[in-house]
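*Asks:* So I've got this file, final08.txt, and it contains compact mmCIF, N, CA and C atoms and all ligand atoms:
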# COMPACT_ATOMS: atom_id res chain seq x y z
N MET L 1 200.22 115.69 53.35
CA MET L 1 199.14 114.75 53.06
C MET L 1 198.72 114.83 51.61
N THR L 2 199.44 114.19 50.76
CA THR L 2 199.12 114.21 49.34
C THR L 2 198.19 113.08 48.94
N ASN L 3 197.90 112.12 49.89
CA ASN L 3 197.01 111.00 49.58
C ASN L 3 195.54 111.42 49.48
N LYS L 4 195.17 112.44 50.20
CA LYS L 4 193.77 112.91 50.19
C LYS L 4 193.41 113.40 48.79
N ARG L 5 192.38 112.79 48.23
CA ARG L 5 192.00 113.20 46.88
C ARG L 5 190.83 114.17 46.95
N ALA L 6 190.96 115.20 46.22
CA ALA L 6 189.85 116.14 46.11
C ALA L 6 189.15 115.84 44.79
N VAL L 7 187.89 116.22 44.68
CA VAL L 7 187.16 116.04 43.43
C VAL L 7 187.66 117.07 42.44
N THR L 8 188.14 116.59 41.33
CA THR L 8 188.65 117.53 40.33
C THR L 8 187.49 118.07 39.51
N LEU L 9 187.74 119.13 38.83
CA LEU L 9 186.71 119.76 38.00
C LEU L 9 186.26 118.81 36.89
N ILE L 10 187.21 118.06 36.33
CA ILE L 10 186.88 117.12 35.24
C ILE L 10 185.95 116.02 35.73
N GLU L 11 186.20 115.48 36.92
CA GLU L 11 185.32 114.45 37.49
C GLU L 11 183.91 114.99 37.69
N LEU L 12 183.85 116.21 38.19
CA LEU L 12 182.56 116.85 38.41
C LEU L 12 181.79 117.01 37.10
N VAL L 13 182.51 117.45 36.05
CA VAL L 13 181.89 117.64 34.73
C VAL L 13 181.38 116.31 34.18
N VAL L 14 182.15 115.24 34.37
CA VAL L 14 181.75 113.92 33.88
C VAL L 14 180.47 113.46 34.57
N VAL L 15 180.42 113.62 35.89
CA VAL L 15 179.23 113.20 36.64
C VAL L 15 178.00 114.00 36.21
N VAL L 16 178.18 115.31 36.10
CA VAL L 16 177.06 116.18 35.70
C VAL L 16 176.57 115.81 34.30
N THR L 17 177.51 115.52 33.40
CA THR L 17 177.15 115.14 32.02
C THR L 17 176.35 113.84 32.02
N ILE L 18 176.79 112.86 32.79
CA ILE L 18 176.08 111.58 32.86
C ILE L 18 174.67 111.78 33.41
N LEU L 19 174.55 112.59 34.45
CA LEU L 19 173.23 112.88 35.02
C LEU L 19 172.33 113.59 34.00
N ALA L 20 172.92 114.52 33.24
CA ALA L 20 172.13 115.26 32.24
C ALA L 20 171.63 114.32 31.15
N ILE L 21 172.49 113.41 30.71
CA ILE L 21 172.09 112.44 29.67
C ILE L 21 170.97 111.55 30.22
N PHE L 22 171.13 111.08 31.43
CA PHE L 22 170.12 110.23 32.06
C PHE L 22 168.78 110.96 32.18
N ALA L 23 168.84 112.22 32.62
CA ALA L 23 167.60 113.02 32.79
C ALA L 23 166.91 113.23 31.45
N SER L 24 167.69 113.48 30.39
CA SER L 24 167.06 113.72 29.09
C SER L 24 166.40 112.45 28.55
N ILE L 25 167.02 111.29 28.81
CA ILE L 25 166.42 110.02 28.37
C ILE L 25 165.10 109.78 29.10
N VAL L 26 165.12 109.96 30.42
CA VAL L 26 163.92 109.72 31.23
C VAL L 26 162.80 110.68 30.84
N SER L 27 163.14 111.98 30.66
CA SER L 27 162.09 112.94 30.31
C SER L 27 161.55 112.66 28.90
N GLY L 28 162.43 112.20 27.99
CA GLY L 28 161.97 111.84 26.64
C GLY L 28 160.97 110.71 26.68
N ILE L 29 161.26 109.70 27.48
CA ILE L 29 160.36 108.56 27.62
C ILE L 29 159.02 109.02 28.20
N TYR L 30 159.09 109.89 29.21
CA TYR L 30 157.87 110.37 29.86
C TYR L 30 157.01 111.17 28.87
N VAL L 31 157.64 112.09 28.14
CA VAL L 31 156.89 112.93 27.18
C VAL L 31 156.25 112.06 26.11
N ASN L 32 157.01 111.09 25.61
CA ASN L 32 156.50 110.17 24.58
C ASN L 32 155.29 109.41 25.11
N TYR L 33 155.40 108.91 26.33
CA TYR L 33 154.31 108.15 26.95
C TYR L 33 153.08 109.05 27.13
N HIS L 34 153.34 110.29 27.62
CA HIS L 34 152.25 111.24 27.86
C HIS L 34 151.52 111.57 26.55
N LEU L 35 152.28 111.82 25.48
CA LEU L 35 151.66 112.16 24.19
C LEU L 35 150.84 110.99 23.65
N ARG L 36 151.38 109.78 23.79
CA ARG L 36 150.65 108.60 23.29
C ARG L 36 149.36 108.41 24.08
N THR L 37 149.41 108.60 25.40
CA THR L 37 148.22 108.45 26.23
C THR L 37 147.17 109.49 25.84
N LYS L 38 147.62 110.73 25.63
CA LYS L 38 146.71 111.81 25.26
C LYS L 38 146.07 111.50 23.90
N ALA L 39 146.88 111.07 22.92
CA ALA L 39 146.36 110.77 21.59
C ALA L 39 145.34 109.63 21.66
N SER L 40 145.63 108.65 22.48
CA SER L 40 144.74 107.50 22.61
C SER L 40 143.42 107.93 23.25
N ALA L 41 143.48 108.81 24.24
CA ALA L 41 142.26 109.30 24.90
C ALA L 41 141.43 110.12 23.92
N GLU L 42 142.09 110.97 23.13
CA GLU L 42 141.37 111.80 22.17
C GLU L 42 140.69 110.94 21.11
N LYS L 43 141.37 109.87 20.69
CA LYS L 43 140.78 108.99 19.68
C LYS L 43 139.53 108.31 20.25
N SER L 44 139.59 107.88 21.51
CA SER L 44 138.43 107.24 22.15
C SER L 44 137.25 108.21 22.22
N ILE L 45 137.53 109.47 22.59
CA ILE L 45 136.47 110.48 22.68
C ILE L 45 135.87 110.72 21.30
N CYS L 46 136.75 110.81 20.29
CA CYS L 46 136.30 111.04 18.91
C CYS L 46 135.38 109.91 18.46
N ILE L 47 135.77 108.67 18.71
CA ILE L 47 134.95 107.51 18.31
C ILE L 47 133.62 107.55 19.05
N GLU L 48 133.66 107.90 20.33
CA GLU L 48 132.42 107.95 21.12
C GLU L 48 131.47 109.01 20.56
N LYS L 49 132.01 110.17 20.20
CA LYS L 49 131.17 111.24 19.63
C LYS L 49 130.54 110.79 18.32
N ARG L 50 131.33 110.10 17.48
CA ARG L 50 130.79 109.66 16.19
C ARG L 50 129.78 108.55 16.37
N LYS L 51 129.94 107.72 17.41
CA LYS L 51 128.92 106.70 17.70
C LYS L 51 127.61 107.37 18.12
N GLN L 52 127.72 108.47 18.88
CA GLN L 52 126.52 109.23 19.27
C GLN L 52 125.81 109.78 18.04
N ILE L 53 126.60 110.27 17.08
CA ILE L 53 126.01 110.81 15.85
C ILE L 53 125.30 109.68 15.10
N GLN L 54 125.95 108.52 15.02
CA GLN L 54 125.34 107.39 14.30
C GLN L 54 124.07 106.93 15.01
N TYR L 55 124.08 106.95 16.33
CA TYR L 55 122.90 106.58 17.09
C TYR L 55 121.77 107.58 16.80
N ALA L 56 122.12 108.88 16.77
CA ALA L 56 121.13 109.91 16.45
C ALA L 56 120.56 109.67 15.05
N GLU L 57 121.42 109.25 14.14
CA GLU L 57 120.96 108.98 12.77
C GLU L 57 120.00 107.79 12.75
N GLU L 58 120.29 106.77 13.56
CA GLU L 58 119.39 105.61 13.64
C GLU L 58 118.01 106.05 14.15
N LEU L 59 117.98 106.93 15.14
CA LEU L 59 116.70 107.45 15.66
C LEU L 59 115.98 108.26 14.59
N PHE L 60 116.75 109.05 13.84
CA PHE L 60 116.21 109.86 12.74
C PHE L 60 115.52 108.94 11.74
N VAL L 61 116.19 107.83 11.37
CA VAL L 61 115.63 106.87 10.41
C VAL L 61 114.36 106.23 10.98
N GLU L 62 114.40 105.84 12.25
CA GLU L 62 113.23 105.22 12.87
C GLU L 62 112.02 106.15 12.85
N ASP L 63 112.27 107.44 13.14
CA ASP L 63 111.16 108.39 13.22
C ASP L 63 110.66 108.82 11.85
N LEU L 64 111.59 109.09 10.94
CA LEU L 64 111.20 109.71 9.67
C LEU L 64 111.22 108.75 8.49
N GLY L 65 111.79 107.57 8.67
CA GLY L 65 111.77 106.56 7.60
C GLY L 65 112.79 106.78 6.51
N ASN L 66 113.57 107.83 6.57
CA ASN L 66 114.64 108.02 5.59
C ASN L 66 115.90 108.51 6.29
N HIS L 67 117.02 108.37 5.59
CA HIS L 67 118.29 108.76 6.20
C HIS L 67 118.49 110.27 6.14
N SER L 68 119.21 110.77 7.11
CA SER L 68 119.53 112.20 7.11
C SER L 68 120.56 112.48 6.02
N GLU L 69 120.40 113.64 5.38
CA GLU L 69 121.32 114.01 4.31
C GLU L 69 122.63 114.56 4.87
N ASN L 70 122.58 115.08 6.10
CA ASN L 70 123.77 115.71 6.67
C ASN L 70 123.64 115.79 8.19
N LEU L 71 124.68 116.28 8.82
CA LEU L 71 124.69 116.41 10.29
C LEU L 71 123.70 117.48 10.76
N GLN L 72 123.58 118.55 10.01
CA GLN L 72 122.72 119.67 10.42
C GLN L 72 121.27 119.21 10.59
N ASN L 73 120.80 118.28 9.74
CA ASN L 73 119.43 117.77 9.86
C ASN L 73 119.20 117.11 11.22
N LEU L 74 120.24 116.46 11.75
CA LEU L 74 120.12 115.79 13.05
C LEU L 74 119.98 116.84 14.16
N VAL L 75 120.68 117.96 14.00
CA VAL L 75 120.58 119.04 14.99
C VAL L 75 119.21 119.71 14.87
N ASN L 76 118.80 120.02 13.63
CA ASN L 76 117.51 120.69 13.40
C ASN L 76 116.35 119.84 13.91
N GLY L 77 116.49 118.51 13.78
CA GLY L 77 115.43 117.61 14.22
C GLY L 77 115.47 117.32 15.72
N GLY L 78 116.47 117.86 16.41
CA GLY L 78 116.57 117.67 17.85
C GLY L 78 117.21 116.34 18.24
N TYR L 79 117.84 115.66 17.29
CA TYR L 79 118.49 114.38 17.61
C TYR L 79 119.89 114.61 18.20
N LEU L 80 120.45 115.77 17.92
CA LEU L 80 121.73 116.18 18.50
C LEU L 80 121.56 117.62 19.00
N THR L 81 122.25 117.96 20.09
CA THR L 81 122.16 119.34 20.58
C THR L 81 123.03 120.27 19.73
N ASP L 82 124.16 119.75 19.26
CA ASP L 82 125.01 120.53 18.36
C ASP L 82 125.87 119.56 17.56
N ILE L 83 126.59 120.08 16.59
CA ILE L 83 127.47 119.22 15.80
C ILE L 83 128.76 119.05 16.60
N PRO L 84 129.01 117.83 17.08
CA PRO L 84 130.22 117.63 17.89
C PRO L 84 131.49 117.73 17.05
N GLY L 85 132.58 118.05 17.72
CA GLY L 85 133.85 118.16 17.03
C GLY L 85 134.86 117.17 17.60
N CYS L 86 135.85 116.85 16.80
CA CYS L 86 136.91 115.94 17.23
C CYS L 86 137.83 116.67 18.21
N PRO L 87 138.20 116.05 19.34
CA PRO L 87 139.09 116.71 20.30
C PRO L 87 140.49 116.97 19.74
N SER L 88 140.87 116.26 18.67
CA SER L 88 142.19 116.49 18.06
C SER L 88 142.12 117.52 16.93
N GLY L 89 140.95 118.15 16.75
CA GLY L 89 140.82 119.17 15.71
C GLY L 89 140.45 118.61 14.34
N GLY L 90 140.09 117.34 14.29
CA GLY L 90 139.68 116.73 13.01
C GLY L 90 138.33 117.27 12.56
N VAL L 91 138.10 117.19 11.25
CA VAL L 91 136.84 117.65 10.67
C VAL L 91 136.02 116.41 10.31
N TYR L 92 134.74 116.44 10.69
CA TYR L 92 133.87 115.30 10.41
C TYR L 92 133.25 115.41 9.02
N ALA L 93 133.29 114.31 8.30
CA ALA L 93 132.65 114.24 6.99
C ALA L 93 131.50 113.23 7.07
N TRP L 94 130.41 113.60 6.49
CA TRP L 94 129.20 112.77 6.51
C TRP L 94 129.21 111.86 5.29
N MET L 95 129.25 110.55 5.53
CA MET L 95 129.25 109.59 4.42
C MET L 95 127.89 108.90 4.45
N PRO L 96 126.92 109.43 3.66
CA PRO L 96 125.54 108.98 3.80
C PRO L 96 125.33 107.52 3.44
N HIS L 97 124.22 107.00 3.95
CA HIS L 97 123.76 105.65 3.69
C HIS L 97 123.70 105.43 2.18
N ASP L 98 124.17 104.28 1.73
CA ASP L 98 124.16 103.94 0.31
C ASP L 98 122.95 103.05 0.03
N GLU L 99 122.00 103.58 -0.75
CA GLU L 99 120.77 102.81 -1.03
C GLU L 99 121.08 101.52 -1.79
N GLY L 100 122.15 101.52 -2.57
CA GLY L 100 122.50 100.33 -3.36
C GLY L 100 123.12 99.23 -2.52
N ASP L 101 123.58 99.57 -1.34
CA ASP L 101 124.23 98.59 -0.48
C ASP L 101 123.55 98.60 0.89
N PRO L 102 122.58 97.67 1.10
CA PRO L 102 121.81 97.69 2.35
C PRO L 102 122.66 97.47 3.60
N LEU L 103 123.86 96.90 3.44
CA LEU L 103 124.71 96.65 4.61
C LEU L 103 125.53 97.88 4.99
N TYR L 104 125.62 98.83 4.05
CA TYR L 104 126.43 100.03 4.34
C TYR L 104 125.63 101.00 5.19
N GLN L 105 126.15 101.32 6.34
CA GLN L 105 125.50 102.27 7.23
C GLN L 105 126.14 103.64 7.06
N THR L 106 125.38 104.67 7.37
CA THR L 106 125.93 106.03 7.35
C THR L 106 127.12 106.09 8.29
N GLN L 107 128.18 106.70 7.83
CA GLN L 107 129.38 106.81 8.66
C GLN L 107 129.78 108.26 8.80
N VAL L 108 130.36 108.59 9.92
CA VAL L 108 130.97 109.89 10.12
C VAL L 108 132.47 109.65 10.16
N VAL L 109 133.15 110.22 9.17
CA VAL L 109 134.59 110.00 9.06
C VAL L 109 135.32 111.22 9.60
N CYS L 110 136.29 110.98 10.45
CA CYS L 110 137.09 112.06 11.02
C CYS L 110 138.35 112.24 10.17
N SER L 111 138.70 113.50 9.89
CA SER L 111 139.87 113.76 9.05
C SER L 111 141.17 113.35 9.75
N VAL L 112 141.13 113.24 11.08
CA VAL L 112 142.33 112.82 11.82
C VAL L 112 142.29 111.32 12.11
N HIS L 113 141.14 110.83 12.57
CA HIS L 113 141.06 109.44 13.04
C HIS L 113 140.42 108.46 12.07
N GLY L 114 139.97 108.92 10.92
CA GLY L 114 139.41 108.01 9.92
C GLY L 114 138.03 107.51 10.28
N THR L 115 137.75 106.28 9.86
CA THR L 115 136.43 105.70 10.11
C THR L 115 136.44 104.96 11.44
N ILE L 116 135.24 104.71 11.95
CA ILE L 116 135.12 103.82 13.10
C ILE L 116 135.22 102.42 12.51
N ASN L 117 136.01 101.59 13.14
CA ASN L 117 136.13 100.23 12.61
C ASN L 117 134.78 99.56 12.63
N PRO L 118 134.34 99.01 11.47
CA PRO L 118 133.07 98.31 11.49
C PRO L 118 133.17 97.08 12.38
N PRO L 119 132.05 96.64 12.98
CA PRO L 119 132.12 95.47 13.84
C PRO L 119 132.56 94.24 13.06
N THR L 120 133.30 93.37 13.72
CA THR L 120 133.75 92.15 13.07
C THR L 120 132.58 91.17 12.95
N GLU L 121 132.76 90.13 12.12
CA GLU L 121 131.69 89.13 11.94
C GLU L 121 131.33 88.49 13.27
N ALA L 122 132.36 88.23 14.10
CA ALA L 122 132.12 87.60 15.40
C ALA L 122 131.26 88.50 16.29
N GLU L 123 131.52 89.82 16.25
CA GLU L 123 130.74 90.77 17.04
C GLU L 123 129.30 90.83 16.57
N VAL L 124 129.12 90.80 15.23
CA VAL L 124 127.76 90.83 14.67
C VAL L 124 127.00 89.58 15.10
N LYS L 125 127.67 88.42 15.03
CA LYS L 125 127.07 87.14 15.42
C LYS L 125 126.65 87.18 16.89
N GLN L 126 127.57 87.72 17.73
CA GLN L 126 127.32 87.82 19.17
C GLN L 126 126.09 88.70 19.44
N GLU L 127 125.99 89.83 18.71
CA GLU L 127 124.85 90.73 18.87
C GLU L 127 123.55 90.03 18.49
N LYS L 128 123.61 89.27 17.38
CA LYS L 128 122.41 88.55 16.91
C LYS L 128 121.97 87.53 17.95
N GLU L 129 122.94 86.80 18.53
CA GLU L 129 122.61 85.79 19.56
C GLU L 129 122.02 86.46 20.79
N LYS L 130 122.55 87.63 21.16
CA LYS L 130 122.00 88.37 22.30
C LYS L 130 120.54 88.71 22.03
N GLY L 131 120.28 89.15 20.79
CA GLY L 131 118.92 89.52 20.39
C GLY L 131 117.98 88.33 20.48
N LYS L 132 118.46 87.15 20.03
CA LYS L 132 117.64 85.94 20.06
C LYS L 132 117.32 85.54 21.50
N GLU L 133 118.34 85.66 22.38
CA GLU L 133 118.13 85.33 23.79
C GLU L 133 117.07 86.23 24.41
N LYS L 134 117.15 87.51 24.08
CA LYS L 134 116.16 88.47 24.61
C LYS L 134 114.77 88.09 24.12
N HIS L 135 114.70 87.66 22.83
CA HIS L 135 113.42 87.32 22.20
C HIS L 135 112.79 86.12 22.90
N LYS L 136 113.64 85.14 23.32
CA LYS L 136 113.13 83.93 23.97
C LYS L 136 112.48 84.24 25.32
N LYS L 137 113.06 85.21 26.03
CA LYS L 137 112.60 85.50 27.40
C LYS L 137 111.22 86.16 27.45
ZN ZN D 1 138.83 112.58 15.37
Please, can you express the file's structure as structure tokens?
*Replies:*
Amino acid sequence: MTNKRAVTLIELVVVVTILAIFASIVSGIYVNYHLRTKASAEKSICIEKRKQIQYAEELFVEDLGNHSENLQNLVNGGYLTDIPGCPSGGVYAWMPHDEGDPLYQTQVVCSVHGTINPPTEAEVKQEKEKGKEKHKK
């Protein structure tokens, strides 16, 4: 019975190699996706933390009538419980309010994620219209 074919070692090696290549491609895609998702989540958390700092600064201005010189003043004044940190290990820099430019707000810049994107003109307009609607009621 010479017609019966057995699996040769070479065929086995070819199949195993194809499976290994396929597995490495799939795991590469998964790792890439996982890292991008993690980076995106960390950026969202970082932006949220910096928005909290900016909100604390707005309260500081409302209460004291002047801008805070640094983050520590917000903690000392009880506007923040502590100085938050970036989840990606970025360092926050305090970019104080510019008296010469009334439109420039104090910003907290992250060394990893940069600035928070300022609101677009459309967003500002929308906020103003919301305010007017509230005023009418
Ligand atoms: Zn950050």
*Asks:* Mind listing the strand (DSSP E or B) residues of stretch 21-116 of chain L, per DSSP on the backbone, as a VMD selection string?
*Replies:* chain L and resid 92 to 95 107 to 110 114
*Asks:* Could you give me, as a ChimeraX atom specification, every polymer residue with an atom at most 6 Å away from an atom of ligand ZN 1 (chain D), counting only C-alpha atoms and all ligand atoms?
*Replies:* /L:43,46,86,88,90,110,112-113
*Asks:* Could you pull the residues within 8 Å of stretch 99-106 of chain L, counting all atoms listed in the file, minus those fewer than 6 positions along the same chain, as JSON, numbers by chain?
*Replies:* {"L": [53, 54, 57]}
*Asks:* Once DSSP has gone over the backbone, tell me which residues of chain L are in helix (DSSP H, G or I), as a ChimeraX atom specification.
*Replies:* /L:9-64,71-76,121-136
*Asks:* Rounded to one decimal place, report the atom C of L:Lys49-atom C of L:Val31 distance in Å.
*Replies:*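 These two atoms are separated by 26.9 Å.
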